[in-house]
Each structure stands twice: as structure tokens, then as C-alpha cells.
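Data first, discussion second: the structure below is written as C-alpha cells.
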Amino acid sequence: MNKKVLVTGGTGYIGSHTVVELQNEGFEVFIIDNLVNSDIKVLDGITAITGKKPVFEQLDLCDSERLRGFFSLNPDIESIIHFAAYKAVGESVEKPVLYYYNNIVSLLNLMKCMRDFRIPSMVFSSSCTVYGQPDKLPVSEDSPIQEAVSPYGNTKQIGEEIIRDTLHACKDLKAISLRYFNPIGAHPSSHIGELPIGEPENLVPYITQTGAGIREELRVFGDDYDTPDGSCIRDYLHVVDLAQAHVVALKRLLEGQNKENYEIFNLGTGKGVSVFEVIESFERVTGKKLKYRVVDRRPGDIEKIWADPSLANKEMGWATRYSLDDAMKSAWDWELNYRKLK
Ligand code: UFG
């Protein structure tokens, strides 16, 4: 098995945790990242955990010439895990062209390289956003794809379609798209974690930054939804569980265990958790009271979604191992460590 893998976006949140798990499994990791939304210091965090520094190339995947140059110089890379993308839902509504250009052109450039440099395997970072608000919960992979609510979400739908159509035509290529639900938490070592630039969009970094006194209070976006406590429901999974799923998916491709040349799996716990339950978990594991206020609903939020992860459980032998409390504790430890508060 060729163990040289390119991880695009490998200094990002999910990317960096995946690099650690790959290195722990003996893979030789090459990272490409343009560092627009991540910090080069993440490499030190990875090295502190694994004792190995991944090869790093600062490169924009939209720069097709440089990307081709990279593959020419590294002809023995045989697989790709593709994370690099813009991911802020709100920003994508403001700057659709930027999002479509970046997320689609980078994927197209990579797929051209897969074909031209004979790199047969790719794992693609997709999202449960492709389901919109499903009629039936939990949501399984065969649930209908709904019209995207944001350009960001649409780039994930289009990305999946580009891969599906390309692989339909090129039977010697294979890929797995992983539809993530809501990744949270940090590596238990606290050497790497989520590092939002500016004000966080996502719930858990907002909570930990509020707990650390960097934000004044959490705004809970709506308590009048049709859910048991009125707040939105999501399927929160520990980022280390998610990272391990990428290693499992990659091995499945490299060992030829895939049943078709394009497969799609949901990655979630299978359990729906409300915003108030996330807050309670934070308070339980930290012993701190969180300051929060209920405000209006956030435009574009869906009411409730959680995964049916049974396909990934059965086919890939993958299941989440960490609890919500584990994830919240690790997110808090990371925040304290990063802010040098302990
Ligand atoms: N929330 C708050 N206050 C905040 C932030 C979030 O109440 O300050 C609530 C949201 O309303 C939502 C829940 O917390 O109910 C989770 O919100 P996140 O922003 O953390 O996550 P989303 O589910 O909105 O978005 C995530 C990913 C997106 C992806 C989407 C797919 O961040 O990339 O799931 O549904 F598109």
C-alpha cells in the first residue's frame, strides 16, 4: 500500500486532526495549504503530537501551474484527502463568486491532476448541508438533495456532482465523499484545535471564547423552534472521531474494499442535540456558568438534523467513540491552552 498522501487544507481544523491520525497510522503526509484561514504554527502542534513534521507546501489550489509542478516533483503520491475550501456560510452569501471560484476551481484542478498524474484515490470533504431540512430524520445517504440555502452549501453539492460525473467517465479513479455533521472539540493533547479567525460563526468556539471572557455572551439563535426545548438540533461529533473516519475511508480505497468507484457516507453520531444541551454539557464539564441570551433566529438555519450513520458503521466499520462531554471538555482545554489561561 502506497502511504504517501496529499492532504489539502491540512493546517485547517479538520485537516490538522486528520494529518495526526494519518501519521499515527504510518502515512507519509504532504500538506498543501494557502494559509488564508489557518496558521503555519499548526504544523508545530502536529509535530508535538506525532513527533513527525509533515511536508508542507504553501500553495493555492487555484494556481493550476504550481499545482501541476507539485505533482511533477512528487510523482509517488497516490492519494488525496481534499479539505481545502472556504467554509463560512454567511460570507458565501455576501461573496458568492469568491466561493464558487475558490471551491470549484480548486477541485477541478485537483481532479485534472488525478487524471494526468495517475493519482487514483480521493477522499472529499462534503457536508450534511446537502440535505437542507430533511423531511425524515435521521437522515440517510439516499435522502433527496435539496436546493442549497447558501453558495457555500452549493459548492459542496456541485463538488459531489463533479466527482460523480468524472468518476462515471474514468473508471480507474475512485473517491469517497464524506458528509460531515457538526464537528466539534479538539485533540486531547490540546496541541491542535479549532482556530477561528475573528468572531466565530460556529457554536462551540463561540461558547469556549465566551467562557474564556473573549466574548461577552453567547447569543442563542432562537428558542421557538419545533423541538423539545425550542432550540435547533444538530449532530455534534468529536473531531478526532471524524479525523479517524478519513483514515478508514482512505484505507478502504487503497485496499480496494470499496464496492463502487464513488461512494458517499454520512459521518455523525446518530444523536440529535439541542443548543441548550450543548450549553449544559459545557457547564457540566467546566463547572462554569455560561453567559447567554436568546435572540432572533439566524437566517438560513435549519431546525433539526441528525445523521443515520449506519452505512458508515456497517460498511466502513467506523463509529464515533467520544461523547458530547468529551468533545466539550477537549474544546475547553484547547481554548485554555491556546489563550495560555492555564
Ligand atoms: N448557534 C447559536 N449561536 C451561535 C452560533 C450558533 O445559537 O453563536 C446555533 C445555530 O443557530 C445552530 C447551532 O448553534 O442551531 C449550530 O450552529 P453552527 O454555526 O455551529 O453550525 P451549523 O449547523 O449552522 O453549520 C454547520 C457547518 C456548516 C455546514 C452546516 C450544515 O458549520 O459548514 O453545518 O448544516 F454547512
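FYI, nothing fancy with the C-alpha cells labels: chains A, B, ... in order, residues from 1 per chain, ligands from 1 as they appear.
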
Determine, for each residue of segment 3-112 of chain A having at least one atom at most 6 Å from an atom of segment 146-162 of chain A, the closest pair of atoms and their separation in Å to one decimal, counting only C-alpha atoms; order by chain and ascending number, as a tab-separated table.
residue	atom	partner	partner_atom	distance
A:Val89	CA	A:Tyr152	CA	5.7
A:Ser92	CA	A:Tyr152	CA	5.4
A:Val93	CA	A:Ser150	CA	6.0
A:Pro96	CA	A:Pro151	CA	5.7

What does the file look like for those residues with C-alpha atoms, as a PDB file, in the first residue's frame?
ATOM      1  CA  VAL A  89     -21.945  30.142   5.222  1.00  0.00           C
ATOM      2  CA  SER A  92     -20.591  32.882   0.959  1.00  0.00           C
ATOM      3  CA  VAL A  93     -23.915  34.729   0.662  1.00  0.00           C
ATOM      4  CA  PRO A  96     -20.739  34.070  -3.984  1.00  0.00           C
TER       5      PRO A  96
END

Quick one: residues within 6 Å of segment 298-305 of chain A, only C-alpha atoms counted, chain neighbours fewer than 4 positions away excluded, as a compact mmCIF listing (two decimals) with all heavy atoms, in the first residue's frame?
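Result saved to selection-v5.txt:
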# COMPACT_ATOMS: atom_id res chain seq x y z
N GLN A 133 -33.19 20.93 4.99
CA GLN A 133 -34.01 20.41 6.11
C GLN A 133 -34.71 19.13 5.63
O GLN A 133 -35.66 19.19 4.85
CB GLN A 133 -35.05 21.44 6.54
CG GLN A 133 -36.02 20.92 7.61
CD GLN A 133 -35.33 20.52 8.92
OE1 GLN A 133 -34.78 21.35 9.62
NE2 GLN A 133 -35.34 19.22 9.24
N PHE A 221 -29.52 31.48 18.92
CA PHE A 221 -30.34 31.93 17.80
C PHE A 221 -31.69 31.22 17.77
O PHE A 221 -31.89 30.30 16.99
CB PHE A 221 -29.59 31.72 16.48
CG PHE A 221 -28.32 32.53 16.36
CD1 PHE A 221 -27.14 31.94 15.91
CD2 PHE A 221 -28.30 33.88 16.68
CE1 PHE A 221 -25.96 32.68 15.78
CE2 PHE A 221 -27.12 34.62 16.56
CZ PHE A 221 -25.95 34.03 16.12
N CYS A 232 -32.40 24.85 18.13
CA CYS A 232 -32.11 23.96 16.98
C CYS A 232 -31.39 22.69 17.41
O CYS A 232 -30.66 22.69 18.42
CB CYS A 232 -31.20 24.66 15.99
SG CYS A 232 -31.95 26.00 15.10
N ILE A 233 -31.54 21.67 16.62
CA ILE A 233 -30.90 20.38 16.91
C ILE A 233 -29.90 20.03 15.80
O ILE A 233 -30.20 20.18 14.61
CB ILE A 233 -31.97 19.28 17.07
CG1 ILE A 233 -32.79 19.57 18.33
CG2 ILE A 233 -31.33 17.90 17.13
CD1 ILE A 233 -33.86 18.54 18.63
N ARG A 234 -28.71 19.59 16.24
CA ARG A 234 -27.66 19.16 15.31
C ARG A 234 -27.06 17.85 15.83
O ARG A 234 -27.27 17.47 16.98
CB ARG A 234 -26.53 20.20 15.25
CG ARG A 234 -26.92 21.56 14.73
CD ARG A 234 -27.13 21.54 13.22
NE ARG A 234 -27.42 22.87 12.71
CZ ARG A 234 -28.63 23.42 12.68
NH1 ARG A 234 -29.68 22.75 13.15
NH2 ARG A 234 -28.82 24.63 12.19

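For ligand 1, the set of protein, DNA and RNA residues within 7 Å, based on only C-alpha atoms and all ligand atoms, reads Lys87, Ala88, Val89, Ser127, Cys128, Thr129, Gly153, Phe181, Asn182, Glu201, Asn202, Leu203, Val204, Tyr206, Leu218, Arg219, Val220, Phe221, Gly222, Ser231, Cys232, Ile233, Arg234, Val275, Arg297, Arg298 and Asp301 of chain A.
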
Within 9 Å of Asp308 of chain A, counting only C-alpha atoms, which residues show up once you throw out same-chain ones fewer than 6 positions away? Write them as number ranges by chain, please. A: 137-141, 266-271

Gln244 of chain A surroundings by only C-alpha atoms, 10 Å radius, close-in-sequence under 6 positions cut, as a ChimeraX atom specification: /A:17-22,25,250,318-320

Pick out the residues sitting within 9 Å of segment 313-316 of chain A, and hand them over as number ranges by chain; count only C-alpha atoms, and ignore anything fewer than 2 positions along from it in its own chain. A: 245, 248-249, 252, 258, 309-311, 318-320
